[in-house]
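Down below is the structure, laid out as structure tokens.
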Amino acid sequence: MDSELRSQAARYVQLLRRSGKKDAWLPAGLTRRLPTASSPSSQIPPAKTTPTGSRPTHPPSPLPSPISASPKPEAPSPRPIQLPSGSKAERLTALRQQTSACTICPHLAKSRTQVVFGVGNPEAKLMFVGEAPGADEDEKGEPFVGRAGQLLTKMIVAMELSREQVYIANVLKCRPDMPRNTSGNRKPTREEMDACLPYLRAQVGVIAPQVIVALGATAVEGLFGPQKMNMTRLRGNWRELDGVPVRLTFHPSYLLHNQDIALKRLVWEDLLAVMERMGMPISAKQRGFFLKS
């Protein structure tokens, strides 16, 4: 290693050490432990020479200059959600006000009719989480009010509960924007869900439910990040969000498009598992729902 290259390496090491780095990666497979503040020298030892008669190796590529080698700044942490003290209802009201004024995603803030915060009992023991509002939800300001929402209501009633007893929310609080003059709904992006997830986690923190039901693959991805398995394999598993057990199951819209009684039974088995986890009574009639006679 010539003197100029060694000098560049020394400046690079010093730069990393001042930024708090303890290790550095060097090109051509050379890895060196960075010297500590007490090290007598900040220079990198020269590379070993190739023995005579052996196959020559290419010399290491020059290190980049200290300016280009500066570590990239880390992405800022999500903005902490601060809520006042008070009852759960009061804290949720304060959180709703913050969410309604949110413009972190400017394109969503511009296209939405209103923020779809969530609905239900602040003291709920059971919480359902979907992916994002659709057109109906965007218009009415309440999650799960379309056809899928009507089916979810039937599922809740089959558990001998009501929508007023549970809490329903989405990972994304705004309807994903759609191209002009198009209908339907699009899947939220990873960036959109990451930006909105702190609001949902704040809701979970206030409500403190015993169990959460994640409805569909997008909700699971929004809560836990990209998954290696598809929803068919994820369904029926338990996860945990901030200390709260989460049951993964299909989205009601999936059942609307697949009228197989066996699929309905799978979802119902997930709800039975939730009821058991919560210590709810389960009748023989409930245990027999969607079983082929």
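Chains: A, B, ... in order of the structure tokens. Residues: from 1 per chain. Ligands: from 1, in order shown.
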
Would you give me, as a tab-separated table, each residue of range 87-115 of chain A having an atom within 12 Å of an atom of range 189-195 of chain A, along with its shortest atom pair and that distance in Å to one decimal, using only C-alpha atoms and sorting by chain and residue number?
```
residue	atom	partner	partner_atom	distance
A:Thr99	CA	A:Ala195	CA	11.4
A:Cys102	CA	A:Ala195	CA	10.2
A:Thr103	CA	A:Ala195	CA	10.2
A:Ile104	CA	A:Ala195	CA	7.1
A:Cys105	CA	A:Glu192	CA	7.0
A:Pro106	CA	A:Glu192	CA	10.5
A:His107	CA	A:Glu192	CA	10.2
A:Leu108	CA	A:Glu192	CA	8.9
A:Ala109	CA	A:Glu192	CA	11.5
```

Export, as a short mmCIF file (atom, residue, chain, number, x, y, z; two decimals), in the first residue's frame, the selected residues with N, CA and C atoms.
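Once everything was written out, this is result_2.cif:
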```cif
data_model
loop_
_atom_site.label_atom_id
_atom_site.label_comp_id
_atom_site.auth_asym_id
_atom_site.auth_seq_id
_atom_site.Cartn_x
_atom_site.Cartn_y
_atom_site.Cartn_z
N THR A 99 -54.66 12.69 14.26
CA THR A 99 -54.71 11.91 13.03
C THR A 99 -55.45 12.67 11.93
N CYS A 102 -53.32 15.06 10.06
CA CYS A 102 -52.07 14.51 9.54
C CYS A 102 -51.88 14.81 8.05
N THR A 103 -50.68 15.23 7.70
CA THR A 103 -50.31 15.46 6.30
C THR A 103 -48.96 14.82 5.97
N ILE A 104 -48.60 13.77 6.73
CA ILE A 104 -47.33 13.09 6.48
C ILE A 104 -47.28 12.56 5.05
N CYS A 105 -48.40 12.05 4.56
CA CYS A 105 -48.51 11.59 3.17
C CYS A 105 -49.31 12.64 2.41
N PRO A 106 -48.68 13.63 1.79
CA PRO A 106 -49.41 14.73 1.17
C PRO A 106 -50.41 14.28 0.11
N HIS A 107 -50.06 13.24 -0.66
CA HIS A 107 -50.97 12.78 -1.70
C HIS A 107 -52.25 12.20 -1.12
N LEU A 108 -52.15 11.54 0.04
CA LEU A 108 -53.34 10.99 0.69
C LEU A 108 -54.15 12.09 1.35
N ALA A 109 -53.47 13.03 1.97
CA ALA A 109 -54.17 14.15 2.60
C ALA A 109 -54.95 14.95 1.57
#
```

Contact residues around Arg147 in chain A with only C-alpha atoms at 12 Å, ignoring same-chain residues under 5 positions, as a VMD selection string: chain A and resid 134 to 137 152 to 154 251 to 257

C-alpha atoms of the current selection, written as a PDB file, in the first residue's frame:
```
ATOM      1  CA  GLY A 134     -62.324   1.921   0.771  1.00  0.00           C
ATOM      2  CA  ALA A 135     -64.641   4.329  -1.029  1.00  0.00           C
ATOM      3  CA  ASP A 136     -67.559   3.684   1.342  1.00  0.00           C
ATOM      4  CA  GLU A 137     -65.389   4.148   4.409  1.00  0.00           C
ATOM      5  CA  LEU A 152     -67.487  -8.597   9.621  1.00  0.00           C
ATOM      6  CA  THR A 153     -70.511  -7.458  11.624  1.00  0.00           C
ATOM      7  CA  LYS A 154     -72.097 -10.898  11.137  1.00  0.00           C
ATOM      8  CA  HIS A 251     -60.098 -10.585   5.271  1.00  0.00           C
ATOM      9  CA  PRO A 252     -63.920 -10.683   5.008  1.00  0.00           C
ATOM     10  CA  SER A 253     -63.663  -9.589   1.365  1.00  0.00           C
ATOM     11  CA  TYR A 254     -61.768 -12.808   0.629  1.00  0.00           C
ATOM     12  CA  LEU A 255     -64.758 -14.769   1.878  1.00  0.00           C
ATOM     13  CA  LEU A 256     -67.056 -12.699  -0.309  1.00  0.00           C
ATOM     14  CA  HIS A 257     -65.080 -13.753  -3.370  1.00  0.00           C
TER      15      HIS A 257
END
```

Helix (DSSP H, G or I) call set, DSSP backbone run, range 53-250 of chain A, as a PyMOL selection string: chain A and resi 88-100+106-111+135-140+147-158+190-207+217-224+231-234

DSSP strand (DSSP E) residues within range 66-288 of chain A, as a PyMOL selection string: chain A and resi 119-120+126-130+167-170+211-215+238-241+244-249

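When only C-alpha atoms are used to measure the gap to Gly130 in chain A, the shortest distance among A:Val220, A:Val157, A:Val267, A:Leu83 belongs to A:Val220.
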
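Atom pair CA of Gln203 in chain A / CA of Gly120 in chain A has a distance of 11.5 Å (rounded to one decimal).
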
Pairwise distance for CA of Leu197 in chain A and CA of Gly222 in chain A, rounded to one decimal in Å: 7.4 Å

Selection near Ser87 in chain A, 10 Å with only C-alpha atoms, sequence-local residues under 4 positions removed, as a PDB file with N, CA and C atoms, in the first residue's frame:
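Generated file (out_8.pdb):
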```pdb
ATOM      1  N   ARG A  91     -58.417  10.265  25.643  1.00  0.00           N
ATOM      2  CA  ARG A  91     -57.137  10.107  24.957  1.00  0.00           C
ATOM      3  C   ARG A  91     -57.348   9.729  23.491  1.00  0.00           C
ATOM      4  N   LEU A  92     -58.349   8.904  23.211  1.00  0.00           N
ATOM      5  CA  LEU A  92     -58.652   8.568  21.826  1.00  0.00           C
ATOM      6  C   LEU A  92     -59.150   9.781  21.056  1.00  0.00           C
ATOM      7  N   THR A  93     -59.903  10.630  21.721  1.00  0.00           N
ATOM      8  CA  THR A  93     -60.367  11.861  21.078  1.00  0.00           C
ATOM      9  C   THR A  93     -59.181  12.748  20.701  1.00  0.00           C
ATOM     10  N   PRO A 122     -63.907   2.243  23.589  1.00  0.00           N
ATOM     11  CA  PRO A 122     -62.549   2.489  24.071  1.00  0.00           C
ATOM     12  C   PRO A 122     -62.087   1.466  25.104  1.00  0.00           C
ATOM     13  N   GLU A 123     -63.051   0.809  25.751  1.00  0.00           N
ATOM     14  CA  GLU A 123     -62.719  -0.203  26.752  1.00  0.00           C
ATOM     15  C   GLU A 123     -62.771  -1.620  26.168  1.00  0.00           C
ATOM     16  N   VAL A 206     -53.745   2.792  23.958  1.00  0.00           N
ATOM     17  CA  VAL A 206     -54.822   3.394  24.761  1.00  0.00           C
ATOM     18  C   VAL A 206     -55.876   2.350  25.106  1.00  0.00           C
TER      19      VAL A 206
END
```

Each range 94-196 of chain A residue no farther than 9 Å from range 272-283 of chain A, nearest pair in Å, only C-alpha atoms, as a tab-separated table:
```
residue	atom	partner	partner_atom	distance
A:Lys125	CA	A:Met278	CA	8.0
A:Leu126	CA	A:Met278	CA	8.4
A:Met159	CA	A:Met275	CA	7.6
```

CA of Pro198 in chain A to CA of Arg180 in chain A, straight-line distance in Å: 29.3 Å

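Take the candidates A:Leu241, A:Ala158, A:Val116, A:Val145 and check each one against Asn170 in chain A using only C-alpha atoms; the shortest distance goes to A:Val116.
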